[in-house]
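Engineer: Contents are compact mmCIF, C-alpha atoms; file name entry-v9.txt:
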```txt
# COMPACT_ATOMS: atom_id res chain seq x y z
CA MET A 1 12.39 24.76 -41.61
CA LYS A 2 9.37 23.48 -43.53
CA ASP A 3 6.01 24.36 -41.95
CA THR A 4 4.14 21.11 -41.32
CA THR A 5 1.20 22.58 -39.43
CA ALA A 6 -0.86 23.60 -42.45
CA SER A 7 -2.16 20.09 -43.11
CA ALA A 8 -2.97 19.34 -39.47
CA SER A 9 -6.52 19.75 -38.23
CA PRO A 10 -7.20 22.82 -36.04
CA GLU A 11 -8.02 20.57 -33.07
CA ARG A 12 -4.76 18.59 -33.34
CA HIS A 13 -2.81 21.83 -33.79
CA ASP A 14 -4.43 23.21 -30.62
CA ASP A 15 -3.44 20.04 -28.77
CA ARG A 16 0.19 20.40 -29.77
CA GLU A 17 0.26 24.04 -28.73
CA GLU A 18 -1.23 23.10 -25.39
CA ILE A 19 1.33 20.35 -24.90
CA ALA A 20 4.21 22.68 -25.75
CA ARG A 21 2.88 25.24 -23.30
CA LEU A 22 2.69 22.64 -20.53
CA LEU A 23 6.24 21.34 -20.91
CA PRO A 24 8.24 22.27 -17.78
CA ALA A 25 11.35 24.38 -17.47
CA PRO A 26 14.36 22.09 -17.05
CA ALA A 27 15.42 23.62 -13.72
CA GLY A 28 12.46 22.38 -11.72
CA ARG A 29 10.92 19.06 -10.81
CA ASP A 30 7.22 18.68 -10.17
CA LEU A 31 7.00 15.13 -8.82
CA PRO A 32 9.03 13.08 -6.39
CA ARG A 33 11.37 10.92 -8.47
CA GLU A 34 9.67 7.61 -7.59
CA ARG A 35 6.23 8.82 -8.68
CA HIS A 36 7.68 10.35 -11.85
CA LEU A 37 9.24 7.02 -12.85
CA ARG A 38 6.06 5.10 -12.16
CA HIS A 39 3.88 7.57 -14.06
CA LYS A 40 6.31 7.69 -17.00
CA GLU A 41 6.25 3.90 -17.20
CA LEU A 42 2.44 3.82 -17.21
CA LEU A 43 2.27 6.64 -19.75
CA MET A 44 4.57 4.87 -22.20
CA ARG A 45 2.58 1.66 -21.82
CA GLN A 46 -0.64 3.49 -22.55
CA ILE A 47 0.90 5.10 -25.65
CA ASP A 48 1.59 1.60 -27.01
CA ARG A 49 -2.01 0.55 -26.35
CA ASP A 50 -3.84 3.66 -27.53
CA ARG A 51 -1.83 4.93 -30.49
CA THR A 52 -4.41 3.80 -33.05
CA THR A 53 -7.49 5.17 -31.27
CA SER A 54 -9.11 8.16 -32.95
CA ALA A 55 -11.84 9.52 -30.64
CA ARG A 56 -10.92 12.92 -29.23
CA PRO A 57 -11.65 13.39 -25.50
CA PRO A 58 -12.47 16.58 -23.64
CA ARG A 59 -9.46 18.73 -22.80
CA ARG A 60 -7.56 17.75 -19.66
CA LEU A 61 -4.73 19.42 -17.87
CA LEU A 62 -1.74 17.06 -18.07
CA ARG A 63 1.01 17.33 -15.51
CA PRO A 64 4.27 18.61 -17.07
CA ALA A 65 6.61 16.14 -15.36
CA LEU A 66 4.81 13.40 -17.27
CA LEU A 67 5.21 15.16 -20.59
CA ALA A 68 8.90 16.00 -20.48
CA PRO A 69 10.29 12.59 -21.62
CA VAL A 70 7.82 12.19 -24.50
CA THR A 71 7.52 14.01 -27.82
CA ALA A 72 4.53 16.24 -28.51
CA LEU A 73 3.48 14.01 -31.39
CA ALA A 74 3.34 10.92 -29.20
CA LEU A 75 1.38 12.82 -26.59
CA ALA A 76 -1.11 13.93 -29.20
CA GLY A 77 -1.79 10.22 -29.65
CA VAL A 78 -2.41 9.92 -25.93
CA LEU A 79 -4.87 12.80 -26.07
CA ALA A 80 -6.60 11.17 -29.01
CA GLY A 81 -6.81 7.88 -27.12
CA GLY A 82 -8.69 9.33 -24.18
CA PHE A 83 -6.02 8.57 -21.57
CA ALA A 84 -5.83 10.67 -18.42
CA LEU A 85 -3.56 10.47 -15.40
CA SER A 86 -5.33 11.34 -12.17
CA GLY A 87 -2.34 10.98 -9.84
CA GLY A 88 -2.60 14.62 -8.79
CA ASP A 89 -6.33 14.67 -8.20
CA ARG A 90 -7.45 15.83 -4.78
CA GLU A 91 -10.78 14.01 -4.89
CA PRO A 92 -10.82 10.55 -3.27
CA ALA A 93 -11.01 7.72 -5.77
CA ALA A 94 -13.96 5.42 -5.45
CA GLY A 95 -13.66 2.19 -3.53
CA THR A 96 -13.05 1.07 0.01
CA ALA A 97 -10.92 -1.63 1.49
CA PRO A 98 -12.05 -5.12 0.44
CA GLY A 99 -11.83 -8.23 2.56
CA THR A 100 -8.45 -8.37 4.26
CA ALA A 101 -5.75 -10.93 3.71
CA THR A 102 -5.51 -13.97 5.97
CA ASP A 103 -3.95 -12.91 9.26
CA MET A 104 -1.51 -15.79 9.50
CA HIS A 105 -0.12 -15.97 5.97
CA PRO A 106 3.70 -15.49 5.78
CA ALA A 107 3.56 -11.89 4.55
CA ALA A 108 1.17 -10.86 7.31
CA ALA A 109 3.34 -12.52 9.96
CA LEU A 110 6.46 -10.76 8.66
CA LEU A 111 4.71 -7.40 8.40
CA ARG A 112 3.58 -7.70 12.00
CA GLN A 113 7.20 -8.25 13.03
CA ILE A 114 8.29 -5.25 10.95
CA SER A 115 5.48 -3.21 12.48
CA GLY A 116 6.59 -4.14 15.99
CA ALA A 117 10.19 -3.14 15.26
CA ALA A 118 9.13 0.17 13.70
CA GLY A 119 6.84 1.01 16.61
CA LYS A 120 9.68 0.65 19.12
CA LYS A 121 11.86 3.33 17.55
CA ALA A 122 12.24 6.67 19.27
CA ALA A 123 10.06 9.46 17.89
CA PRO A 124 12.21 12.19 16.31
CA ALA A 125 11.68 15.88 17.00
CA VAL A 126 10.69 17.65 13.77
CA ARG A 127 9.80 21.34 13.68
CA ASP A 128 7.63 22.89 10.99
CA ASP A 129 10.49 25.16 9.90
CA GLN A 130 12.89 22.25 9.29
CA PHE A 131 13.56 19.90 6.37
CA VAL A 132 13.60 16.12 6.16
CA TYR A 133 16.77 14.95 4.43
CA THR A 134 17.00 11.61 2.62
CA ARG A 135 19.83 10.13 0.63
CA GLU A 136 19.40 7.18 -1.71
CA LYS A 137 21.34 5.17 -4.24
CA VAL A 138 19.18 4.59 -7.31
CA ARG A 139 19.09 2.62 -10.52
CA GLU A 140 16.60 4.06 -12.99
CA THR A 141 15.25 2.60 -16.20
CA ASP A 142 14.61 4.87 -19.19
CA ILE A 143 12.01 3.52 -21.62
CA THR A 144 11.51 6.61 -23.77
CA SER A 145 13.52 5.06 -26.63
CA GLY A 146 11.12 2.14 -26.76
CA LYS A 147 13.57 -0.20 -25.01
CA ALA A 148 14.44 -0.38 -21.33
CA VAL A 149 17.86 1.10 -20.59
CA VAL A 150 19.05 0.74 -16.99
CA SER A 151 21.14 3.62 -15.68
CA PRO A 152 24.33 3.32 -13.66
CA LEU A 153 23.96 3.67 -9.91
CA LYS A 154 23.11 7.28 -9.05
CA ASP A 155 23.13 9.26 -5.83
CA TYR A 156 20.03 11.24 -4.90
CA GLU A 157 19.59 13.66 -2.01
CA LYS A 158 16.31 15.34 -1.14
CA TRP A 159 15.34 18.09 1.29
CA ILE A 160 11.58 18.23 1.89
CA ALA A 161 10.07 21.27 3.65
CA GLN A 162 7.93 20.49 6.70
CA GLU A 163 5.79 23.63 6.76
CA PRO A 164 2.15 22.55 7.10
CA GLY A 165 0.59 25.11 4.76
CA PRO A 166 0.52 24.90 0.94
CA LEU A 167 3.95 25.57 -0.58
CA LYS A 168 5.07 26.61 -4.04
CA ARG A 169 8.66 25.49 -3.36
CA LEU A 170 8.62 22.06 -1.71
CA GLY A 171 12.35 21.58 -1.27
CA LEU A 172 15.46 20.56 -3.21
CA VAL A 173 16.71 17.51 -5.10
CA ARG A 174 20.40 16.90 -5.82
CA SER A 175 21.59 14.33 -8.34
CA ASP A 176 24.91 13.89 -10.15
CA GLY A 177 26.22 17.13 -8.68
CA GLU A 178 23.26 19.22 -9.84
CA THR A 179 20.66 20.72 -7.53
CA PHE A 180 17.08 21.39 -8.62
CA PRO A 181 14.13 23.01 -6.85
CA LEU A 182 11.21 20.73 -6.15
CA ASN A 183 8.20 22.75 -7.25
CA ALA A 184 4.51 22.60 -6.43
CA GLU A 185 2.47 20.24 -8.57
CA LEU A 186 0.78 21.51 -11.69
CA GLY A 187 -2.57 23.03 -10.85
CA ASP A 188 -1.61 23.91 -7.27
CA THR A 189 -1.78 27.64 -7.93
CA ASN A 190 -1.52 28.52 -4.25
CA GLY A 191 0.99 25.78 -3.49
CA THR A 192 0.87 22.04 -2.80
CA PRO A 193 -0.66 21.18 0.59
CA ALA A 194 0.66 18.49 2.89
CA GLY A 195 -0.64 15.08 1.92
CA PHE A 196 0.29 12.08 -0.21
CA SER A 197 2.25 14.29 -2.62
CA ARG A 198 3.98 16.10 0.25
CA PRO A 199 3.95 13.81 3.31
CA THR A 200 5.21 16.07 6.08
CA TYR A 201 5.91 14.70 9.54
CA GLN A 202 2.93 16.61 10.89
CA TRP A 203 0.61 15.19 8.21
CA LEU A 204 1.90 11.66 8.82
CA SER A 205 1.21 12.17 12.53
CA SER A 206 -2.40 13.03 11.70
CA LEU A 207 -3.12 9.69 9.99
CA PRO A 208 -5.13 7.05 11.86
CA THR A 209 -2.94 4.68 13.83
CA ASP A 210 -5.58 1.97 14.05
CA PRO A 211 -4.65 -0.32 11.10
CA PRO A 212 -8.21 -1.04 9.85
CA LYS A 213 -9.14 2.66 10.00
CA LEU A 214 -5.87 3.60 8.28
CA LEU A 215 -6.51 1.06 5.53
CA ASP A 216 -10.01 2.44 4.98
CA TYR A 217 -8.49 5.93 4.72
CA LEU A 218 -5.94 4.75 2.17
CA TYR A 219 -8.52 3.02 0.00
CA ALA A 220 -10.75 6.09 0.08
CA ASN A 221 -8.03 8.68 -0.62
CA THR A 222 -5.22 7.08 -2.65
CA PRO A 223 -5.17 8.75 -6.11
CA GLN A 224 -5.92 6.46 -9.00
CA VAL A 225 -3.32 6.22 -11.79
CA GLY A 226 -4.11 4.62 -15.11
CA ARG A 227 -5.30 0.99 -15.03
CA ARG A 228 -3.83 -0.09 -11.71
CA GLU A 229 -5.96 -2.35 -9.56
CA ARG A 230 -7.15 -0.62 -6.41
CA ASP A 231 -5.28 -3.04 -4.13
CA GLN A 232 -2.07 -2.38 -6.06
CA ALA A 233 -2.56 1.38 -5.93
CA VAL A 234 -2.88 1.29 -2.14
CA PHE A 235 0.12 -1.03 -1.76
CA GLU A 236 2.27 1.31 -3.87
CA GLN A 237 0.96 4.36 -2.01
CA ILE A 238 2.16 2.87 1.27
CA GLY A 239 5.50 2.15 -0.38
CA GLU A 240 5.89 5.78 -1.42
CA LEU A 241 5.55 6.82 2.22
CA LEU A 242 8.22 4.43 3.50
CA GLY A 243 11.83 5.31 4.06
CA GLY A 244 11.62 8.86 5.32
CA VAL A 245 11.42 10.32 8.80
CA MET A 246 8.11 9.06 10.16
CA PRO A 247 6.30 8.88 13.52
CA PRO A 248 6.87 5.34 14.87
CA ARG A 249 3.16 4.75 15.50
CA THR A 250 2.34 5.75 11.93
CA ALA A 251 5.01 3.45 10.50
CA ALA A 252 3.76 0.56 12.63
CA ALA A 253 0.17 1.15 11.48
CA LEU A 254 1.19 1.34 7.80
CA TYR A 255 2.87 -2.06 7.96
CA GLU A 256 -0.12 -3.57 9.76
CA ALA A 257 -2.41 -2.04 7.13
CA ALA A 258 -0.28 -3.48 4.31
CA ALA A 259 -0.67 -6.93 5.85
CA ARG A 260 -4.41 -6.68 5.18
CA ILE A 261 -4.12 -5.97 1.43
CA PRO A 262 -5.01 -9.02 -0.68
CA GLY A 263 -2.20 -10.37 -2.83
CA VAL A 264 0.70 -9.20 -0.65
CA THR A 265 3.44 -11.84 -0.42
CA ARG A 266 6.76 -12.47 1.31
CA THR A 267 9.91 -13.02 -0.74
CA PRO A 268 12.67 -14.82 1.20
CA GLN A 269 15.49 -13.28 -0.84
CA ALA A 270 15.57 -9.65 -1.97
CA TRP A 271 18.26 -7.06 -2.72
CA ASP A 272 18.30 -3.30 -2.76
CA ALA A 273 20.05 -1.14 -5.38
CA ILE A 274 23.52 -1.59 -3.86
CA GLY A 275 23.17 -5.33 -3.38
CA ARG A 276 22.36 -5.46 0.31
CA PRO A 277 20.47 -8.72 0.89
CA GLY A 278 17.25 -8.80 2.82
CA ILE A 279 13.73 -10.14 2.90
CA GLY A 280 10.97 -8.69 0.77
CA ILE A 281 7.33 -7.73 0.97
CA ALA A 282 5.87 -7.68 -2.53
CA ARG A 283 2.80 -7.50 -4.67
CA ASP A 284 2.34 -8.21 -8.36
CA ASP A 285 0.43 -5.77 -10.54
CA LYS A 286 -0.90 -8.49 -12.83
CA ARG A 287 -2.85 -6.05 -14.97
CA ASN A 288 0.32 -4.12 -15.93
CA GLY A 289 2.80 -6.96 -15.44
CA VAL A 290 4.96 -5.31 -12.75
CA HIS A 291 6.37 -6.77 -9.52
CA THR A 292 6.93 -4.20 -6.73
CA GLU A 293 8.97 -5.18 -3.68
CA TRP A 294 9.99 -3.53 -0.42
CA VAL A 295 13.32 -4.75 1.00
CA PHE A 296 14.03 -5.05 4.74
CA ASP A 297 17.15 -5.89 6.72
CA ARG A 298 17.08 -9.46 8.00
CA LYS A 299 18.43 -8.59 11.44
CA ASP A 300 16.66 -5.44 12.60
CA LEU A 301 13.86 -5.36 9.97
CA SER A 302 14.70 -1.77 9.01
CA PHE A 303 13.67 -0.54 5.56
CA LEU A 304 16.51 -0.85 3.01
CA GLY A 305 14.84 0.19 -0.24
CA PHE A 306 12.64 -1.15 -2.99
CA ARG A 307 12.77 -2.53 -6.50
CA SER A 308 10.34 -3.21 -9.32
CA TYR A 309 10.64 -5.31 -12.46
CA LEU A 310 8.54 -6.76 -15.26
CA ILE A 311 6.84 -10.10 -14.67
CA LYS A 312 5.68 -10.46 -18.26
CA ASP A 313 7.05 -9.36 -21.61
CA ALA A 314 6.32 -5.78 -22.65
CA PRO A 315 7.10 -3.86 -25.86
CA TYR A 316 10.13 -2.28 -24.17
CA GLY A 317 11.50 -5.26 -22.24
CA LYS A 318 11.32 -8.93 -21.37
CA ALA A 319 10.01 -10.40 -18.14
CA GLY A 320 12.61 -9.81 -15.43
CA THR A 321 13.68 -6.41 -16.78
CA LEU A 322 14.47 -4.02 -13.94
CA LEU A 323 12.32 -0.89 -13.82
CA SER A 324 13.66 0.79 -10.69
CA SER A 325 15.71 -0.01 -7.62
CA THR A 326 16.68 2.09 -4.61
CA ALA A 327 18.82 1.79 -1.51
CA GLN A 328 18.12 4.08 1.42
CA ILE A 329 21.41 5.37 2.77
CA ARG A 330 20.46 8.02 5.30
CA THR A 331 17.60 10.05 6.72
CA ALA A 332 17.85 13.04 9.03
CA VAL A 333 16.25 16.33 10.02
CA VAL A 334 18.13 19.51 9.06
CA ASN A 335 17.50 23.22 9.42
CA LYS A 336 17.71 24.37 5.81
CA PRO A 337 17.66 22.98 2.25
CA GLY A 338 21.07 21.95 0.98
CA GLU A 339 22.40 21.30 4.48
CA GLU A 340 23.94 17.86 4.90
CA PRO A 341 23.90 15.93 8.18
CA PRO A 342 27.32 15.48 9.80
CA GLY A 343 29.40 12.74 8.18
CA THR A 344 27.50 12.65 4.88
CA ALA A 345 30.43 13.81 2.68
CA GLY A 346 32.63 10.98 3.89
CA THR A 347 30.19 8.35 2.64
CA ARG A 348 29.54 9.88 -0.76
CA ASN A 349 31.12 7.07 -2.81
CA ASP A 350 30.59 4.10 -0.54
CA ARG A 351 28.49 1.07 -1.49
CA LYS A 352 26.98 0.30 1.87
CA GLY A 353 26.24 3.90 2.91
```
In structure tokens, how does this file's structure come out?

Structural biologist:
Amino acid sequence: MKDTTASASPERHDDREEIARLLPAPAGRDLPRERHLRHKELLMRQIDRDRTTSARPPRRLLRPALLAPVTALALAGVLAGGFALSGGDREPAAGTAPGTATDMHPAAALLRQISGAAGKKAAPAVRDDQFVYTREKVRETDITSGKAVVSPLKDYEKWIAQEPGPLKRLGLVRSDGETFPLNAELGDTNGTPAGFSRPTYQWLSSLPTDPPKLLDYLYANTPQVGRRERDQAVFEQIGELLGGVMPPRTAAALYEAAARIPGVTRTPQAWDAIGRPGIGIARDDKRNGVHTEWVFDRKDLSFLGFRSYLIKDAPYGKAGTLLSSTAQIRTAVVNKPGEEPPGTAGTRNDRKG
């Protein structure tokens, strides 16, 4: 093979070596799937914006799960453009909760109903040595080719360890018959602690249950990613916490907190990834042109899933293009990774779960 490195500058060559070193082994996953998809989408958008920029920034440690779908050459352009993802930062991002949304607007009224329903559920018993199991049906969109390609419906199962201390092995993910370890995030040499990246039941129980105090906490501690507005970042952070096994008081407080975020709306018709109809709570990321929506059952107001799609044309898709869609099928508490709750195998190929 012809050696093409001789003409490259030493700095660019160093960047490519660093990128190659950071690429992950294929057997592990470093981010929950939802966060990986969101970060990949933002990364590809930023590549389109910054490809022609030439100023070289200081070195930064990029997280390998973000690098895997993109070539080293494209990522060198990102390095040259001065773009950094801070989704794994431990330091609180600047900013506190702004003025809250009007109490009686339709979204706030619906979220209060959802909060009331969530708060009435029985609190599960979760030990620190157990695992929270979730099963979802998912449609993913791959944009690495430059055009959005929506995947067929996939089945995902996750087992998340509940140990409170930092962990190097966070659990397991199973998809399309393959099982992968869920590893600690890059930079967590001693393991990833419980928190937004690893929301254990115990950590969720420690969050404020007073909605204004919880909202202040979220605005102060939600990691910043790319160019997202602060309100949007907090809305999406709450969304990432939904759907698992959660203390009822925490779930109720999260919905009440979401009702206070400016720009949150109610959508009368919404569907999850398997077509179950419901009502939606949504917010538009106008800066990036993405609509994010949580879907709830019309009867009991239980969480069904979420979806996101473009609301304005982008280089890889037209307005209305689906970016991601999920349907929550089952949650449970199990004793070990890989263990399935009773009755799971019999619903493997169903549409309604």

Engineer: For the atom pair CA of Lys154 in chain A and CA of Tyr201 in chain A, what is the interatomic distance in Å to one decimal place?

Structural biologist: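 Calculated distance between CA of Lys154 in chain A and CA of Tyr201 in chain A is 26.4 Å.
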
Engineer: Which distance in Å separates CA of Ala220 in chain A and CA of Thr326 in chain A, to one decimal?

Structural biologist: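 Separating CA of Ala220 in chain A from CA of Thr326 in chain A is a distance of 28.1 Å.
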
Engineer: Please determine, counting only C-alpha atoms, which residue among A:Ser197, A:Glu185, A:Ser325, A:Trp203 has the shortest atom-to-atom distance to Pro223 in chain A.

Structural biologist: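 Comparing A:Ser197, A:Glu185, A:Ser325, A:Trp203 against Pro223 in chain A, the winner is A:Ser197.
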
Engineer: What is the distance between CA of Val225 in chain A and CA of Arg249 in chain A, in Å to one decimal?

Structural biologist: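 It comes out at 28.1 Å.
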
Engineer: Identify the residues around (18.2, 4.9, -2.3) within a radius of 12 Å, measuring from only C-alpha atoms in the coordinates stated by the file, and give them as a VMD selection string.

Structural biologist: chain A and resid 33 to 34 134 to 140 153 to 158 175 242 to 244 271 to 276 294 to 295 303 to 307 324 to 331 351 to 353

Engineer: From the set A:Leu167, A:Glu256, A:Asp284, A:Trp159, which residue has the shortest atom-to-atom contact distance to Lys213 in chain A, counting all atoms listed in the file?

Structural biologist: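 Result for the nearest residue to Lys213 in chain A: A:Glu256.
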
Engineer: Of the candidates A:Pro268, A:Pro181, A:Pro211, A:Pro164, which shows the shortest atom-to-atom distance to Tyr255 in chain A, using all atoms listed in the file?

Structural biologist: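 Smallest separation from Tyr255 in chain A among the options: A:Pro211.
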
Engineer: Using all atoms listed in the file, determine which residues lie at most 6 Å from Gly289 in chain A, disregarding the query and same-chain residues fewer than 6 positions distant; provide the list as a short mmCIF file (atom, residue, chain, number, x, y, z; two decimals) with C-alpha atoms, in the frame of the given file.

Structural biologist:
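Produced file part18.cif, reproduced below:
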```cif
data_model
loop_
_atom_site.label_atom_id
_atom_site.label_comp_id
_atom_site.auth_asym_id
_atom_site.auth_seq_id
_atom_site.Cartn_x
_atom_site.Cartn_y
_atom_site.Cartn_z
CA LEU A 310 8.54 -6.76 -15.26
CA ILE A 311 6.84 -10.10 -14.67
CA LYS A 312 5.68 -10.46 -18.26
#
```

Engineer: Excluding same-chain residues fewer than 2 positions from Ala109 in chain A, what lies within 12 Å of it counting all atoms listed in the file, as a short mmCIF file (atom, residue, chain, number, x, y, z; two decimals) with C-alpha atoms, keeping the file's coordinate frame?

Structural biologist:
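Saved to selection21.cif:
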```
data_model
loop_
_atom_site.label_atom_id
_atom_site.label_comp_id
_atom_site.auth_asym_id
_atom_site.auth_seq_id
_atom_site.Cartn_x
_atom_site.Cartn_y
_atom_site.Cartn_z
CA ALA A 101 -5.75 -10.93 3.71
CA THR A 102 -5.51 -13.97 5.97
CA ASP A 103 -3.95 -12.91 9.26
CA MET A 104 -1.51 -15.79 9.50
CA HIS A 105 -0.12 -15.97 5.97
CA PRO A 106 3.70 -15.49 5.78
CA ALA A 107 3.56 -11.89 4.55
CA LEU A 111 4.71 -7.40 8.40
CA ARG A 112 3.58 -7.70 12.00
CA GLN A 113 7.20 -8.25 13.03
CA ILE A 114 8.29 -5.25 10.95
CA SER A 115 5.48 -3.21 12.48
CA GLY A 116 6.59 -4.14 15.99
CA TYR A 255 2.87 -2.06 7.96
CA GLU A 256 -0.12 -3.57 9.76
CA ALA A 258 -0.28 -3.48 4.31
CA ALA A 259 -0.67 -6.93 5.85
CA ARG A 260 -4.41 -6.68 5.18
CA VAL A 264 0.70 -9.20 -0.65
CA THR A 265 3.44 -11.84 -0.42
CA ARG A 266 6.76 -12.47 1.31
CA ILE A 281 7.33 -7.73 0.97
#
```
